[in-house]
>>> print(open('upload16.csv').read())   # CSV, C-alpha atoms
chain,number,residue,atom,x,y,z
A,14,MET,CA,36.8,-7.2,14.8
A,15,PHE,CA,34.8,-4.1,15.4
A,16,TYR,CA,34.6,-1.0,13.2
A,17,THR,CA,33.4,2.5,14.0
A,18,ILE,CA,30.8,4.1,11.8
A,19,GLY,CA,33.5,6.1,10.0
A,20,GLU,CA,35.5,2.9,9.3
A,21,MET,CA,32.5,1.0,8.1
A,22,ALA,CA,31.3,3.9,6.0
A,23,GLN,CA,34.8,4.0,4.3
A,24,LYS,CA,34.7,0.3,3.7
A,25,LEU,CA,31.3,0.6,2.0
A,26,ASN,CA,32.2,3.9,0.2
A,27,VAL,CA,29.3,5.8,1.8
A,28,ALA,CA,29.0,8.8,4.1
A,29,PRO,CA,28.8,8.1,7.8
A,30,SER,CA,25.6,10.1,7.8
A,31,THR,CA,24.1,7.4,5.5
A,32,LEU,CA,24.7,4.7,8.1
A,33,ARG,CA,23.4,7.0,10.9
A,34,TYR,CA,20.2,7.6,8.8
A,35,TYR,CA,19.8,3.8,8.3
A,36,ASP,CA,20.1,3.3,12.0
A,37,LYS,CA,17.7,6.1,12.8
A,38,GLU,CA,15.2,4.5,10.4
A,39,GLY,CA,15.5,1.2,12.3
A,40,LEU,CA,17.3,-0.6,9.5
A,41,LEU,CA,20.3,-1.6,11.6
A,42,PRO,CA,19.0,-3.3,14.7
A,43,PHE,CA,22.0,-5.7,14.6
A,44,VAL,CA,24.5,-2.9,15.3
A,45,GLU,CA,26.1,-3.1,18.7
A,46,ARG,CA,27.0,-0.1,20.7
A,47,SER,CA,29.9,0.5,23.1
A,48,ASN,CA,29.4,1.5,26.7
A,49,GLY,CA,29.6,5.1,25.5
A,50,GLY,CA,26.9,4.6,22.9
A,51,ILE,CA,29.2,4.5,19.9
A,52,ARG,CA,28.0,2.2,17.0
A,53,MET,CA,30.2,-0.7,16.6
A,54,PHE,CA,30.0,-2.7,13.3
A,55,LYS,CA,31.3,-6.3,12.8
A,56,ASP,CA,32.5,-8.0,9.7
A,57,GLU,CA,29.3,-9.9,9.5
A,58,ASP,CA,27.3,-6.7,9.3
A,59,MET,CA,28.9,-5.8,6.0
A,60,GLU,CA,26.9,-8.3,3.9
A,61,TRP,CA,23.6,-6.8,5.3
A,62,LEU,CA,24.8,-3.3,4.8
A,63,ARG,CA,25.8,-4.1,1.2
A,64,MET,CA,22.3,-5.6,0.6
A,65,LEU,CA,20.7,-2.6,2.2
A,66,GLY,CA,22.7,-0.3,-0.1
A,67,CYS,CA,21.7,-2.3,-3.1
A,68,LEU,CA,18.0,-2.3,-2.2
A,69,LYS,CA,18.2,1.5,-1.6
A,70,LYS,CA,20.0,2.1,-5.0
A,71,ALA,CA,17.3,-0.1,-6.6
A,72,GLY,CA,14.7,2.3,-5.4
A,73,MET,CA,13.1,0.1,-2.8
A,74,PRO,CA,11.1,2.2,-0.3
A,75,LEU,CA,12.4,2.2,3.3
A,76,ARG,CA,9.2,0.5,4.4
A,77,GLU,CA,9.8,-2.5,2.1
A,78,ILE,CA,13.5,-2.6,3.1
A,79,ARG,CA,12.5,-2.7,6.7
A,80,ASN,CA,10.0,-5.5,5.8
A,81,PHE,CA,12.8,-7.4,4.0
A,82,MET,CA,15.1,-7.0,7.0
A,83,GLU,CA,12.4,-8.3,9.4
A,84,CYS,CA,11.8,-11.3,7.1
A,85,SER,CA,15.5,-12.0,7.0
A,86,ARG,CA,15.7,-12.0,10.8
A,87,GLN,CA,12.8,-14.5,10.9
A,88,GLY,CA,14.8,-17.1,9.0
A,89,ASP,CA,13.9,-19.7,6.4
A,90,ALA,CA,10.2,-19.5,7.0
A,91,THR,CA,10.2,-16.2,5.1
A,92,ILE,CA,12.3,-17.2,2.1
A,93,SER,CA,9.3,-16.9,-0.3
A,94,GLN,CA,8.4,-13.5,1.0
A,95,ARG,CA,11.9,-12.2,0.5
A,96,LEU,CA,12.1,-13.7,-3.0
A,97,GLU,CA,8.9,-12.0,-3.9
A,98,LEU,CA,10.2,-8.6,-2.7
A,99,ILE,CA,13.5,-9.1,-4.6
A,100,GLU,CA,11.6,-10.2,-7.8
A,101,LYS,CA,9.3,-7.2,-7.6
A,102,GLN,CA,12.2,-4.8,-7.1
A,103,ARG,CA,14.2,-6.5,-9.9
A,104,GLN,CA,11.3,-5.9,-12.3
A,105,SER,CA,11.1,-2.3,-11.2
A,106,VAL,CA,14.8,-1.9,-12.0
A,107,LEU,CA,14.3,-3.5,-15.4
A,108,ASP,CA,11.4,-1.1,-16.1
A,109,GLN,CA,13.6,1.8,-15.1
A,110,GLN,CA,16.4,0.5,-17.3
A,111,LYS,CA,14.0,0.3,-20.3
A,112,GLN,CA,12.9,3.9,-19.6
A,113,LEU,CA,16.5,5.0,-19.5
A,114,GLU,CA,17.3,3.2,-22.7
A,115,ASP,CA,14.4,4.9,-24.4
A,116,THR,CA,15.6,8.3,-23.1
A,117,LEU,CA,19.2,7.6,-24.3
A,118,LEU,CA,17.9,6.6,-27.7
A,119,MET,CA,16.0,9.9,-27.9
A,120,LEU,CA,19.1,11.9,-26.8
A,121,ASP,CA,21.3,10.0,-29.3
A,122,TYR,CA,18.7,10.8,-32.1
A,123,LYS,CA,18.7,14.5,-31.2
A,124,GLN,CA,22.5,14.5,-31.1
A,125,TRP,CA,22.6,13.0,-34.6
A,126,TYR,CA,19.8,15.4,-35.7
A,127,TYR,CA,21.7,18.5,-34.6
A,128,GLN,CA,25.0,17.3,-35.8
A,129,THR,CA,23.5,16.8,-39.2
A,130,ALA,CA,21.7,20.2,-39.1
A,131,GLN,CA,25.0,21.9,-38.0
A,132,ALA,CA,26.9,20.3,-40.9
A,133,ALA,CA,24.1,21.4,-43.4
A,134,GLY,CA,23.7,24.8,-41.7
A,135,THR,CA,20.0,24.3,-41.2
A,136,CYS,CA,17.5,22.1,-39.4
A,137,ALA,CA,15.5,22.1,-42.7
A,138,VAL,CA,17.9,19.4,-44.0
A,139,HIS,CA,15.7,16.8,-42.2
A,140,GLU,CA,12.5,17.8,-43.9
A,141,THR,CA,13.5,16.3,-47.2
A,142,MET,CA,15.9,13.6,-46.0
A,143,PRO,CA,14.9,10.1,-47.2
A,144,LEU,CA,14.3,7.5,-44.5
A,145,GLU,CA,17.3,5.4,-45.7
A,146,GLU,CA,19.6,8.3,-44.9
A,147,ILE,CA,18.5,8.3,-41.3
A,148,PRO,CA,20.6,5.9,-39.2
A,149,GLU,CA,18.8,2.6,-38.9
A,150,ARG,CA,18.6,2.7,-35.1
A,151,PHE,CA,16.5,5.9,-35.3
A,152,ARG,CA,14.2,4.9,-38.1
A,153,SER,CA,11.6,3.4,-35.8
A,154,LEU,CA,11.4,6.7,-33.8
A,155,VAL,CA,10.9,8.7,-36.9
A,156,ALA,CA,8.3,6.3,-38.3
A,157,VAL,CA,6.3,6.6,-35.1
A,158,TRP,CA,6.4,10.4,-35.2
A,159,GLU,CA,5.4,10.6,-38.8
A,160,ALA,CA,2.5,8.2,-38.1
A,161,GLU,CA,1.3,10.5,-35.3
A,162,GLU,CA,1.3,13.6,-37.6
>>> encode(input="upload16.csv", output="structure tokens")
Amino acid sequence: MFYTIGEMAQKLNVAPSTLRYYDKEGLLPFVERSNGGIRMFKDEDMEWLRMLGCLKKAGMPLREIRNFMECSRQGDATISQRLELIEKQRQSVLDQQKQLEDTLLMLDYKQWYYQTAQAAGTCAVHETMPLEEIPERFRSLVAVWEAEE
């Protein structure tokens, strides 16, 4: 069965312009076209398009996605190259995840900080607060900041 770009975009929950962009960037060489030049997607294209979307969301540059796709088309001889690309991108996502966790911890701390200050009517409440009154998950942050002063 064939799908138009709009139908495939709907199945993947992306905008048709996203698929047009991928095609323009040479990431969809497998897509067939009708006699009138309309892109026609097959069910088998969905797996690649999902992988393409995953790599894009993971922050992989288009150049590397294109390389991954070319390796995939070459078959089993490039398994190790594809594995290396996936492992590298996976580590990049883990690094981003760690950065986001650190950012969220800081935001959580500041939320607690200002809630406590609001309840006390002043930010000065923190100047004399003993370490044991600071929630345990924030103590390492506070200890680092105090060491830097």
>>> closest_residue(input="upload16.csv", among="A:Ile92, A:Leu25, A:Leu40, A:Phe81", to="Glu60 (chain A)", atoms="only C-alpha atoms")
A:Leu25
>>> closest_residue(input="upload16.csv", among="A:Leu62, A:Gln102, A:Arg79, A:Phe15", to="Val27 (chain A)", atoms="all atoms listed in the file")
A:Leu62
>>> closest_residue(input="upload16.csv", among="A:Lys55, A:Ala156, A:Phe151, A:Leu75", to="Tyr34 (chain A)", atoms="all atoms listed in the file")
A:Leu75
>>> atom_distance(input="upload16.csv", atom1="CA of Thr17 (chain A)", atom2="CA of Leu65 (chain A)")
18.1 Å
>>> atom_distance(input="upload16.csv", atom1="CA of Val138 (chain A)", atom2="CA of Tyr122 (chain A)")
14.7 Å
>>> atom_distance(input="upload16.csv", atom1="CA of Asp58 (chain A)", atom2="CA of Leu41 (chain A)")
9.0 Å
>>> residues_around(input="upload16.csv", residues="Met142 (chain A)", least_positions_apart="5", cutoff="12 Å", atoms="all atoms listed in the file", output="list in words")
Tyr126, Thr129, Ala130, Ala133, Cys136, Ala137, Ile147, Pro148, Arg152 and Val155 of chain A
>>> residues_around(input="upload16.csv", residues="Pro29 (chain A)", least_positions_apart="5", cutoff="7 Å", atoms="all atoms listed in the file", output="PyMOL selection string")
chain A and resi 18-19+22
>>> build_atoms(input="upload16.csv", residues="region 93-112 of chain A", atoms="N, CA and C atoms", output="compact mmCIF listing (two decimals), in the frame of the given file")
# COMPACT_ATOMS: atom_id res chain seq x y z
N SER A 93 10.17 -17.27 0.82
CA SER A 93 9.30 -16.90 -0.30
C SER A 93 8.90 -15.45 -0.28
N GLN A 94 8.70 -14.88 0.90
CA GLN A 94 8.40 -13.50 1.00
C GLN A 94 9.54 -12.59 0.53
N ARG A 95 10.74 -12.99 0.93
CA ARG A 95 11.90 -12.20 0.50
C ARG A 95 12.15 -12.34 -0.99
N LEU A 96 11.95 -13.54 -1.52
CA LEU A 96 12.10 -13.70 -3.00
C LEU A 96 11.10 -12.87 -3.72
N GLU A 97 9.88 -12.80 -3.22
CA GLU A 97 8.90 -12.00 -3.90
C GLU A 97 9.26 -10.50 -3.86
N LEU A 98 9.78 -10.02 -2.74
CA LEU A 98 10.20 -8.60 -2.70
C LEU A 98 11.38 -8.36 -3.64
N ILE A 99 12.32 -9.29 -3.72
CA ILE A 99 13.50 -9.10 -4.60
C ILE A 99 12.99 -9.16 -6.07
N GLU A 100 12.10 -10.10 -6.41
CA GLU A 100 11.60 -10.20 -7.80
C GLU A 100 10.84 -8.93 -8.19
N LYS A 101 10.05 -8.41 -7.27
CA LYS A 101 9.30 -7.20 -7.60
C LYS A 101 10.25 -6.01 -7.79
N GLN A 102 11.27 -5.90 -6.96
CA GLN A 102 12.20 -4.80 -7.10
C GLN A 102 13.06 -4.96 -8.36
N ARG A 103 13.41 -6.19 -8.67
CA ARG A 103 14.20 -6.50 -9.90
C ARG A 103 13.39 -6.02 -11.12
N GLN A 104 12.09 -6.32 -11.14
CA GLN A 104 11.30 -5.90 -12.30
C GLN A 104 11.18 -4.39 -12.35
N SER A 105 11.11 -3.75 -11.20
CA SER A 105 11.10 -2.30 -11.20
C SER A 105 12.38 -1.72 -11.77
N VAL A 106 13.51 -2.32 -11.44
CA VAL A 106 14.80 -1.90 -12.00
C VAL A 106 14.84 -2.10 -13.50
N LEU A 107 14.33 -3.24 -13.95
CA LEU A 107 14.30 -3.50 -15.40
C LEU A 107 13.40 -2.50 -16.11
N ASP A 108 12.28 -2.13 -15.50
CA ASP A 108 11.40 -1.10 -16.10
C ASP A 108 12.12 0.24 -16.17
N GLN A 109 12.84 0.60 -15.11
CA GLN A 109 13.60 1.80 -15.10
C GLN A 109 14.70 1.81 -16.16
N GLN A 110 15.33 0.65 -16.29
CA GLN A 110 16.40 0.50 -17.30
C GLN A 110 15.83 0.70 -18.69
N LYS A 111 14.66 0.16 -18.97
CA LYS A 111 14.00 0.30 -20.30
C LYS A 111 13.72 1.80 -20.53
N GLN A 112 13.21 2.48 -19.50
CA GLN A 112 12.90 3.90 -19.60
C GLN A 112 14.20 4.70 -19.94
